[in-house]
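A.B. asks: What follows is run.csv; its format and atoms are CSV, C-alpha atoms.
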```
chain,number,residue,atom,x,y,z
A,1,MET,CA,-12.4,50.6,23.5
A,2,LYS,CA,-10.0,51.9,21.0
A,3,ARG,CA,-8.6,49.7,18.2
A,4,TRP,CA,-5.2,49.2,19.7
A,5,GLN,CA,-6.7,47.7,22.8
A,6,PHE,CA,-8.2,45.0,20.6
A,7,LEU,CA,-4.9,44.4,18.8
A,8,ALA,CA,-2.7,44.2,21.9
A,9,PRO,CA,-3.5,40.6,22.8
A,10,LEU,CA,-3.1,39.6,19.2
A,11,ALA,CA,0.3,41.3,19.1
A,12,GLY,CA,1.3,39.6,22.3
A,13,PHE,CA,0.3,36.3,20.8
A,14,VAL,CA,2.4,36.9,17.7
A,15,VAL,CA,5.4,37.7,19.8
A,16,LEU,CA,4.8,34.5,21.8
A,17,LEU,CA,4.6,32.6,18.5
A,18,GLY,CA,7.9,34.0,17.5
A,19,PHE,CA,9.6,32.7,20.7
A,20,LEU,CA,8.0,29.3,20.3
A,21,GLY,CA,9.1,29.1,16.7
A,22,VAL,CA,12.7,29.7,17.6
A,23,GLY,CA,12.6,27.7,20.8
A,24,LEU,CA,11.1,24.6,19.4
A,25,GLY,CA,13.8,24.4,16.8
A,26,LEU,CA,16.5,24.3,19.5
A,27,ASP,CA,17.6,21.2,21.4
A,28,PRO,CA,17.4,21.9,25.1
A,29,ARG,CA,19.4,18.8,26.0
A,30,GLU,CA,22.4,19.8,23.9
A,31,VAL,CA,25.3,21.1,26.0
A,32,PRO,CA,27.6,23.4,24.1
A,33,SER,CA,31.3,22.7,24.6
A,34,PRO,CA,33.4,25.3,26.4
A,35,LEU,CA,36.5,23.7,24.6
A,36,ILE,CA,35.8,25.3,21.2
A,37,GLY,CA,38.8,27.5,20.4
A,38,LYS,CA,40.8,26.1,23.4
A,39,PRO,CA,43.6,23.6,23.3
A,40,ALA,CA,42.4,20.0,23.2
A,41,PRO,CA,43.2,18.4,26.6
A,42,GLU,CA,46.4,16.4,26.8
A,43,PHE,CA,46.1,12.7,27.2
A,44,SER,CA,48.2,9.6,27.4
A,45,LEU,CA,46.3,6.3,27.0
A,46,PRO,CA,47.0,2.7,26.1
A,47,ARG,CA,46.6,1.9,22.4
A,48,LEU,CA,43.7,-0.5,21.8
A,49,ASP,CA,45.7,-2.7,19.5
A,50,ASP,CA,48.6,-2.9,22.0
A,51,LEU,CA,47.6,-2.1,25.5
A,52,THR,CA,51.2,-2.0,26.7
A,53,SER,CA,52.0,0.8,24.3
A,54,PRO,CA,50.8,4.3,25.0
A,55,MET,CA,49.6,7.0,22.6
A,56,SER,CA,49.2,10.7,23.4
A,57,LYS,CA,48.0,13.9,22.0
A,58,GLN,CA,51.7,14.7,21.2
A,59,ASP,CA,51.6,12.0,18.5
A,60,LEU,CA,49.2,14.1,16.6
A,61,ALA,CA,51.0,17.5,16.8
A,62,GLY,CA,50.9,19.4,13.5
A,63,LYS,CA,48.1,17.3,12.1
A,64,VAL,CA,44.4,18.0,11.6
A,65,TRP,CA,42.6,15.2,13.3
A,66,VAL,CA,39.1,14.0,14.2
A,67,LEU,CA,38.5,12.4,17.6
A,68,ASN,CA,35.5,10.0,17.6
A,69,VAL,CA,34.3,8.8,21.0
A,70,PHE,CA,32.8,5.4,20.7
A,71,ALA,CA,32.1,2.1,22.5
A,72,SER,CA,31.0,-1.4,21.5
A,73,TRP,CA,28.0,-1.2,23.8
A,74,CYS,CA,26.8,2.0,22.1
A,75,VAL,CA,23.9,1.6,19.7
A,76,PRO,CA,24.0,5.0,17.9
A,77,CYS,CA,27.8,4.4,17.3
A,78,ARG,CA,26.8,1.5,15.1
A,79,GLU,CA,24.5,3.9,13.1
A,80,GLU,CA,27.3,6.4,12.4
A,81,HIS,CA,30.0,3.8,11.8
A,82,PRO,CA,29.4,3.5,8.0
A,83,LEU,CA,29.8,7.3,7.7
A,84,LEU,CA,33.2,7.1,9.5
A,85,MET,CA,34.3,4.3,7.3
A,86,ASP,CA,33.3,6.4,4.3
A,87,LEU,CA,35.2,9.5,5.6
A,88,ALA,CA,38.3,7.4,6.2
A,89,ARG,CA,38.2,6.2,2.6
A,90,ARG,CA,37.5,9.5,1.0
A,91,SER,CA,39.5,11.9,3.1
A,92,PRO,CA,43.2,11.9,4.2
A,93,VAL,CA,42.2,13.2,7.6
A,94,THR,CA,43.5,11.2,10.7
A,95,ILE,CA,40.6,9.8,12.6
A,96,VAL,CA,41.4,8.7,16.2
A,97,GLY,CA,39.0,6.6,18.1
A,98,LEU,CA,38.5,7.1,21.8
A,99,ASN,CA,37.2,3.8,23.1
A,100,TYR,CA,35.1,5.0,26.1
A,101,LYS,CA,34.5,2.9,29.2
A,102,ASP,CA,34.7,-0.3,27.2
A,103,LYS,CA,36.3,-3.7,27.4
A,104,PRO,CA,39.3,-3.7,25.0
A,105,SER,CA,38.4,-7.2,23.8
A,106,ASP,CA,34.8,-6.2,23.1
A,107,ALA,CA,36.0,-3.1,21.2
A,108,ILE,CA,38.5,-5.1,19.1
A,109,ALA,CA,35.8,-7.6,18.2
A,110,TRP,CA,33.4,-4.8,17.3
A,111,LEU,CA,35.9,-3.1,15.0
A,112,GLY,CA,36.9,-6.4,13.5
A,113,ARG,CA,33.2,-7.1,12.7
A,114,TYR,CA,32.2,-3.7,11.4
A,115,GLY,CA,35.4,-2.3,10.1
A,116,ASN,CA,38.1,0.0,11.6
A,117,PRO,CA,38.1,3.6,10.4
A,118,TYR,CA,40.6,4.7,12.9
A,119,THR,CA,44.3,5.5,12.3
A,120,ALA,CA,44.8,4.7,16.0
A,121,THR,CA,42.5,4.0,18.9
A,122,ALA,CA,43.0,4.9,22.5
A,123,SER,CA,41.5,2.9,25.4
A,124,ASP,CA,39.8,5.1,27.9
A,125,LEU,CA,38.8,2.5,30.4
A,126,GLN,CA,37.6,4.7,33.2
A,127,GLY,CA,36.4,7.6,31.0
A,128,LEU,CA,38.8,10.0,32.7
A,129,VAL,CA,40.0,11.4,29.3
A,130,GLY,CA,36.3,11.6,28.4
A,131,ILE,CA,35.7,13.9,31.4
A,132,ASP,CA,38.6,16.1,30.3
A,133,TYR,CA,36.9,16.4,26.9
A,134,GLY,CA,33.5,17.1,28.4
A,135,VAL,CA,32.1,13.9,27.1
A,136,TYR,CA,28.6,13.3,28.5
A,137,GLY,CA,27.3,10.6,26.1
A,138,VAL,CA,28.4,8.4,23.2
A,139,PRO,CA,29.1,9.0,20.4
A,140,GLU,CA,30.7,12.4,20.2
A,141,THR,CA,33.1,13.7,17.5
A,142,PHE,CA,35.7,16.5,17.7
A,143,VAL,CA,37.7,18.2,15.1
A,144,ILE,CA,41.1,19.4,16.2
A,145,ASP,CA,43.5,21.7,14.1
A,146,ARG,CA,47.2,21.7,13.6
A,147,GLN,CA,47.8,23.8,16.6
A,148,GLY,CA,46.0,21.3,18.8
A,149,LEU,CA,42.9,23.6,19.3
A,150,VAL,CA,39.4,22.1,19.4
A,151,ARG,CA,37.5,23.7,16.5
A,152,PHE,CA,34.2,21.7,16.4
A,153,LYS,CA,32.3,19.2,18.5
A,154,HIS,CA,29.3,17.2,17.5
A,155,VAL,CA,27.2,15.4,20.1
A,156,GLY,CA,25.4,12.3,19.0
A,157,PRO,CA,25.8,10.1,15.9
A,158,LEU,CA,27.2,11.8,12.8
A,159,THR,CA,24.8,12.4,10.0
A,160,PRO,CA,25.5,12.9,6.3
A,161,GLN,CA,24.2,16.5,6.8
A,162,VAL,CA,26.6,17.3,9.6
A,163,LEU,CA,29.5,15.8,7.6
A,164,ARG,CA,28.6,17.7,4.5
A,165,GLU,CA,27.7,21.0,6.0
A,166,ARG,CA,30.0,21.4,9.0
A,167,ILE,CA,32.8,18.9,9.2
A,168,GLU,CA,34.0,18.5,5.6
A,169,PRO,CA,34.1,22.3,4.9
A,170,LEU,CA,36.0,22.7,8.2
A,171,LEU,CA,38.5,20.0,7.3
A,172,LYS,CA,39.1,21.6,4.0
A,173,GLU,CA,39.7,25.0,5.6
A,174,LEU,CA,42.0,23.6,8.3
A,175,ASN,CA,44.0,21.6,5.7
A,176,ALA,CA,44.5,24.6,3.4
B,177,MET,CA,-4.5,-16.2,70.9
B,178,LEU,CA,-5.3,-13.5,68.4
B,179,PRO,CA,-3.3,-10.7,70.0
B,180,LEU,CA,-0.3,-13.0,70.1
B,181,ALA,CA,-0.7,-13.8,66.4
B,182,LEU,CA,-1.0,-10.2,65.6
B,183,ALA,CA,2.1,-9.3,67.6
B,184,LEU,CA,4.1,-12.0,65.8
B,185,ALA,CA,2.9,-10.8,62.4
B,186,PHE,CA,3.9,-7.2,63.3
B,187,ALA,CA,7.3,-8.3,64.6
B,188,LEU,CA,7.9,-10.2,61.3
B,189,TRP,CA,6.8,-7.3,59.2
B,190,LEU,CA,9.1,-5.0,61.2
B,191,LEU,CA,12.0,-7.4,60.8
B,192,LEU,CA,11.5,-7.6,57.0
B,193,LEU,CA,11.3,-3.8,56.8
B,194,VAL,CA,14.5,-3.3,58.6
B,195,LEU,CA,16.3,-6.0,56.6
B,196,THR,CA,15.2,-4.7,53.2
B,197,THR,CA,16.0,-1.1,53.9
B,198,THR,CA,19.4,-1.7,55.4
B,199,ALA,CA,20.3,-4.1,52.6
B,200,HIS,CA,19.5,-1.4,50.1
B,201,ALA,CA,21.6,1.1,51.9
B,202,ALA,CA,24.5,-1.2,52.2
B,203,GLY,CA,24.4,-2.0,48.5
B,204,SER,CA,24.5,1.6,47.3
B,205,ALA,CA,27.2,3.0,49.6
B,206,PRO,CA,30.3,0.8,49.9
B,207,THR,CA,32.5,3.9,49.6
B,208,ALA,CA,30.4,5.9,52.0
B,209,ALA,CA,31.3,3.6,54.8
B,210,ALA,CA,34.9,4.3,54.2
B,211,ASP,CA,34.9,8.0,55.2
B,212,PRO,CA,31.5,9.6,56.1
B,213,ALA,CA,33.0,13.0,56.6
B,214,LEU,CA,34.5,13.0,53.1
B,215,GLU,CA,31.2,11.7,51.7
B,216,LYS,CA,29.3,14.6,53.3
B,217,ARG,CA,31.7,17.0,51.6
B,218,VAL,CA,31.3,15.1,48.3
B,219,MET,CA,27.5,15.3,48.5
B,220,ALA,CA,27.7,19.0,49.4
B,221,VAL,CA,29.6,19.6,46.1
B,222,ALA,CA,27.6,17.1,44.2
B,223,VAL,CA,24.3,19.0,44.8
B,224,GLU,CA,25.8,22.0,43.0
B,225,LEU,CA,26.6,20.0,39.8
B,226,ARG,CA,24.0,19.0,37.2
B,227,CYS,CA,23.9,15.5,35.8
B,228,LEU,CA,24.2,16.1,32.1
B,229,VAL,CA,22.4,12.8,31.3
B,230,CYS,CA,19.3,13.4,33.5
B,231,GLN,CA,19.5,17.1,33.2
B,232,ASN,CA,17.0,18.0,35.9
B,233,GLN,CA,18.9,16.1,38.6
B,234,THR,CA,22.1,16.8,40.4
B,235,ILE,CA,24.9,14.3,40.3
B,236,ALA,CA,24.1,13.7,43.9
B,237,ASP,CA,20.6,12.4,43.0
B,238,SER,CA,21.3,10.8,39.6
B,239,ASP,CA,22.2,7.1,39.1
B,240,ALA,CA,23.5,7.6,35.6
B,241,ALA,CA,27.0,6.2,34.9
B,242,LEU,CA,28.3,9.7,34.2
B,243,ALA,CA,27.0,10.9,37.6
B,244,VAL,CA,28.8,8.1,39.3
B,245,ASP,CA,32.0,9.0,37.4
B,246,LEU,CA,31.7,12.7,38.2
B,247,ARG,CA,31.0,12.0,41.9
B,248,ASN,CA,34.2,9.8,41.9
B,249,GLN,CA,36.1,12.7,40.4
B,250,VAL,CA,34.7,15.1,43.0
B,251,ARG,CA,35.8,12.6,45.7
B,252,THR,CA,39.3,12.3,44.3
B,253,MET,CA,39.7,16.0,44.0
B,254,LEU,CA,38.5,16.7,47.6
B,255,ARG,CA,40.9,13.9,48.8
B,256,GLU,CA,43.7,15.8,47.1
B,257,GLY,CA,42.9,18.8,49.1
B,258,LYS,CA,41.0,20.9,46.5
B,259,ASP,CA,38.2,23.0,47.7
B,260,GLU,CA,34.6,23.3,46.4
B,261,ARG,CA,35.4,26.3,44.2
B,262,GLU,CA,38.2,24.4,42.5
B,263,VAL,CA,36.0,21.4,41.8
B,264,LEU,CA,33.3,23.6,40.4
B,265,ASP,CA,35.8,25.4,38.2
B,266,TYR,CA,37.2,22.1,37.0
B,267,MET,CA,33.8,20.9,35.9
B,268,THR,CA,32.8,24.2,34.3
B,269,ALA,CA,36.0,24.3,32.3
B,270,ARG,CA,35.1,20.9,30.8
B,271,TYR,CA,31.3,21.0,30.6
B,272,GLY,CA,30.5,24.7,30.5
B,273,GLU,CA,28.3,26.7,32.9
B,274,PHE,CA,25.3,24.4,32.3
B,275,VAL,CA,27.0,21.9,34.6
B,276,LEU,CA,26.4,24.3,37.5
B,277,TYR,CA,23.0,23.3,38.9
B,278,ARG,CA,22.3,26.9,40.0
B,279,PRO,CA,22.9,29.2,37.1
B,280,PRO,CA,25.3,31.9,38.1
B,281,VAL,CA,23.8,35.4,38.2
B,282,LYS,CA,25.5,37.3,35.4
B,283,ASN,CA,24.4,39.5,32.5
B,284,SER,CA,23.5,36.5,30.3
B,285,THR,CA,21.2,35.0,33.0
B,286,LEU,CA,19.6,38.1,34.4
B,287,LEU,CA,16.5,37.5,32.3
B,288,LEU,CA,16.4,33.9,33.6
B,289,TRP,CA,16.6,34.9,37.2
B,290,PHE,CA,14.5,38.1,37.3
B,291,GLY,CA,12.2,37.6,34.3
B,292,PRO,CA,9.5,35.5,36.1
B,293,PRO,CA,9.2,37.8,39.2
B,294,LEU,CA,9.2,40.8,36.9
B,295,LEU,CA,6.4,39.4,34.8
B,296,LEU,CA,4.4,38.5,37.9
B,297,GLY,CA,5.0,41.9,39.4
B,298,GLY,CA,4.0,43.5,36.1
B,299,ALA,CA,0.8,41.5,35.9
B,300,LEU,CA,-0.2,42.4,39.5
B,301,LEU,CA,0.6,46.0,38.9
B,302,THR,CA,-1.6,46.1,35.8
B,303,LEU,CA,-4.4,44.4,37.7
B,304,TRP,CA,-4.2,46.9,40.5
B,305,LEU,CA,-4.1,49.9,38.1
B,306,VAL,CA,-7.1,48.6,36.2
B,307,LEU,CA,-9.2,47.9,39.3
B,308,ARG,CA,-8.3,51.2,40.8
B,309,GLY,CA,-9.2,52.9,37.6
B,310,ARG,CA,-12.6,51.2,37.5
B,311,SER,CA,-13.3,52.0,41.1
B,312,ARG,CA,-13.0,55.7,40.3
B,313,MET,CA,-15.2,55.7,37.3
B,314,PRO,CA,-18.7,57.3,37.8
B,315,ALA,CA,-21.5,54.8,37.7
B,316,SER,CA,-22.8,56.3,34.4
B,317,GLU,CA,-19.7,54.7,32.6
B,318,PHE,CA,-21.0,51.3,33.4
B,319,GLU,CA,-23.6,49.8,31.1
B,320,ALA,CA,-25.9,47.2,32.6
B,321,ASP,CA,-26.1,44.1,30.5
B,322,ASP,CA,-29.1,44.1,28.1
B,323,ASP,CA,-30.2,40.5,29.0
B,324,ASP,CA,-30.4,41.3,32.7
B,325,ASP,CA,-32.3,44.4,32.0
B,326,ASP,CA,-35.1,42.6,30.3
B,327,GLU,CA,-35.3,39.9,32.9
B,328,MET,CA,-35.2,42.3,35.8
B,329,ALA,CA,-37.7,44.6,34.2
B,330,ALA,CA,-40.0,41.7,33.7
B,331,ALA,CA,-39.6,40.5,37.2
B,332,GLU,CA,-40.1,43.9,38.9
B,333,ALA,CA,-42.9,45.2,36.8
B,334,PRO,CA,-46.4,44.5,38.2
B,335,PRO,CA,-48.0,41.5,36.6
B,336,ARG,CA,-50.1,42.5,33.6
B,337,GLN,CA,-53.7,43.1,34.3
B,338,GLU,CA,-56.6,42.8,32.0
B,339,ALA,CA,-57.8,46.2,31.0
B,340,ARG,CA,-61.1,46.8,32.6
```
Step by step, read the file and then write its structure as structure tokens.
C.D. replies:
Amino acid sequence: MKRWQFLAPLAGFVVLLGFLGVGLGLDPREVPSPLIGKPAPEFSLPRLDDLTSPMSKQDLAGKVWVLNVFASWCVPCREEHPLLMDLARRSPVTIVGLNYKDKPSDAIAWLGRYGNPYTATASDLQGLVGIDYGVYGVPETFVIDRQGLVRFKHVGPLTPQVLRERIEPLLKELNA
Amino acid sequence: MLPLALALAFALWLLLLVLTTTAHAAGSAPTAAADPALEKRVMAVAVELRCLVCQNQTIADSDAALAVDLRNQVRTMLREGKDEREVLDYMTARYGEFVLYRPPVKNSTLLLWFGPPLLLGGALLTLWLVLRGRSRMPASEFEADDDDDDEMAAAEAPPRQEAR
């Protein structure tokens, strides 16, 4: 047999290794958002601190804002919470909470206990606004620009790395 | 006496079976009883949508809270007179194409759909070509294994005889 016939299986193996190397670094469960670059869906929901009073996307027109989907029953939300508190302290950005499928009294108690990083919190009792935003788990975080377009979505709890490498540079750019 | 006891035991088992299965069915489908025709349509659409929590299931099969919410959304939209295409477009606009349980056939998914059959076809073709090639080679191209040679030679040669 000629030399190349010996090397062909090895070459095939190396190609396969390449695919495995790339593939194993990806998260197959992550669903990319089709909203990036599109207008953030309109919503009008009761405010958590005053359920008789509504808040809507219009209230945030012209601002750069972060939407954080959270719930008192959500364990990873508890993990990312200190990072949100820190972001609220350090940055002038408006952080809006979307309280997803939660009892308002539970959410108020949770925020009272752990701190409230949100400029305003909307109560999405049935998760319908969540569906509009393509929410499929909690927590999720969106960054929306002055024109009301979704620029970034992070699924799962925020990490210092995501904040440092993706969100904060983006906020700087959008605020410029 | 024994046949009677057996008959009673069987009747009791049958009764329990019927009660437990119907109880389960009643518990999981209060809305289904309301409009079976609508439910059939809801399920027909639901099997085309992926549950994003249990991603190998459709929202028809999954018990995840999101699946229930999305089924409710499908039901609401069908009640409003929307058709299946509009419901699927609605979900795709929010969750992306991954929410469609059957990936659409387009340029980006050609490899997904046709890759495996192509690989299988390629493997079978290679096998056929190699076998056909070998069947045409003259016998002289084939070397007998050395091990077999020695054993066979030893088996076939006449047993050694003492030189006289």
A.B. asks: Would you mind listing what lies within 9 Å of Glu260 of chain B as a list in words, with all atoms listed in the file counted and same-chain residues fewer than 2 positions away left out?
C.D. replies: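 That gives Arg217, Ala220, Val221, Val250, Leu254, Lys258, Glu262, Val263, Leu264 and Asp265 of chain B.
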A.B. asks: Enter the distance from atom CA of Val155 of chain A to atom CA of Pro280 of chain B, in Å, rounded to one decimal.
C.D. replies: 24.5 Å
A.B. asks: Residues proximal to (44.0, 8.8, 28.3) were defined as those with any atom within 7 Å of that point in the file's coordinates, counting all atoms listed in the file. Which are they, as a CSV table (one decimal) with C-alpha atoms, in the coordinates of the input?
C.D. replies:
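And here's selection31.csv as it stands now:
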```csv
chain,number,residue,atom,x,y,z
A,43,PHE,CA,46.1,12.7,27.2
A,44,SER,CA,48.2,9.6,27.4
A,45,LEU,CA,46.3,6.3,27.0
A,124,ASP,CA,39.8,5.1,27.9
A,128,LEU,CA,38.8,10.0,32.7
A,129,VAL,CA,40.0,11.4,29.3
```
A.B. asks: Contacts from chain B to chain A, 10 Å maximum, all atoms listed in the file: show me the residue list as a PyMOL selection string.
C.D. replies: chain B and resi 227-231+241-243+245-246+249+266-275
A.B. asks: Suppose you want the space between atom CA of Trp4 of chain A and atom CA of Leu287 of chain B; what is it in Å?
C.D. replies: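 These two atoms are separated by 27.7 Å.
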A.B. asks: Can you tell me how far atom CA of Asp102 of chain A sits from atom CA of Trp73 of chain A, in Å to one decimal?
C.D. replies: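 Rounded to one decimal, the two atoms are 7.6 Å apart.
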A.B. asks: Write out as a ChimeraX atom specification which residues come within 8 Å of Arg251 of chain B when counting only C-alpha atoms, dropping same-chain ones fewer than 6 positions away.
C.D. replies: /B:214-215,218
A.B. asks: Would you save the residues from that selection as a JSON list (two decimals), in the frame of the given file, using C-alpha atoms?
C.D. replies:
```
[["chain", "number", "residue", "atom", "x", "y", "z"],
["B", 214, "LEU", "CA", 34.50, 13.00, 53.10],
["B", 215, "GLU", "CA", 31.20, 11.70, 51.70],
["B", 218, "VAL", "CA", 31.30, 15.10, 48.30]]
```
A.B. asks: Go through A:Lys103, A:Lys63, A:Arg3, A:Arg166 one by one, measure the shortest atom-to-atom distance of each to Phe152 of chain A using all atoms listed in the file, and give the residue with the smallest value.
C.D. replies: A:Arg166
A.B. asks: Which of these, A:Gly156, A:Pro46, A:Pro117, A:Pro54, has the shortest distance to Asp86 of chain A once you count all atoms listed in the file?
C.D. replies: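 Under the stated criterion, the closest residue is A:Pro117.
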A.B. asks: When distances are computed from all atoms listed in the file, which of A:Thr121, A:Ser91, A:Gln5, A:Thr52 shows the smallest separation from Leu171 of chain A?
C.D. replies: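 The shortest atom-to-atom distance to Leu171 of chain A comes from A:Ser91.
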A.B. asks: Any idea what's packed within 10 Å of Ala107 of chain A, counting only C-alpha atoms, ignoring anything in its chain fewer than 4 positions away? Could you give it as a list in words?
C.D. replies: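 My reading of the contact set: Leu48, Asp49, Phe70, Ala71, Ser72, Trp73, Asn99, Tyr100, Asp102, Lys103, Leu111, Gly112, Arg113, Thr121 and Ser123 of chain A.
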A.B. asks: So that I have them on file, write out the residues from the current selection with C-alpha atoms, as a PDB file, in the coordinates of the input.
C.D. replies:
```
ATOM      1  CA  LEU A  48      43.700  -0.500  21.800  1.00  0.00           C
ATOM      2  CA  ASP A  49      45.700  -2.700  19.500  1.00  0.00           C
ATOM      3  CA  PHE A  70      32.800   5.400  20.700  1.00  0.00           C
ATOM      4  CA  ALA A  71      32.100   2.100  22.500  1.00  0.00           C
ATOM      5  CA  SER A  72      31.000  -1.400  21.500  1.00  0.00           C
ATOM      6  CA  TRP A  73      28.000  -1.200  23.800  1.00  0.00           C
ATOM      7  CA  ASN A  99      37.200   3.800  23.100  1.00  0.00           C
ATOM      8  CA  TYR A 100      35.100   5.000  26.100  1.00  0.00           C
ATOM      9  CA  ASP A 102      34.700  -0.300  27.200  1.00  0.00           C
ATOM     10  CA  LYS A 103      36.300  -3.700  27.400  1.00  0.00           C
ATOM     11  CA  LEU A 111      35.900  -3.100  15.000  1.00  0.00           C
ATOM     12  CA  GLY A 112      36.900  -6.400  13.500  1.00  0.00           C
ATOM     13  CA  ARG A 113      33.200  -7.100  12.700  1.00  0.00           C
ATOM     14  CA  THR A 121      42.500   4.000  18.900  1.00  0.00           C
ATOM     15  CA  SER A 123      41.500   2.900  25.400  1.00  0.00           C
TER      16      SER A 123
END
```
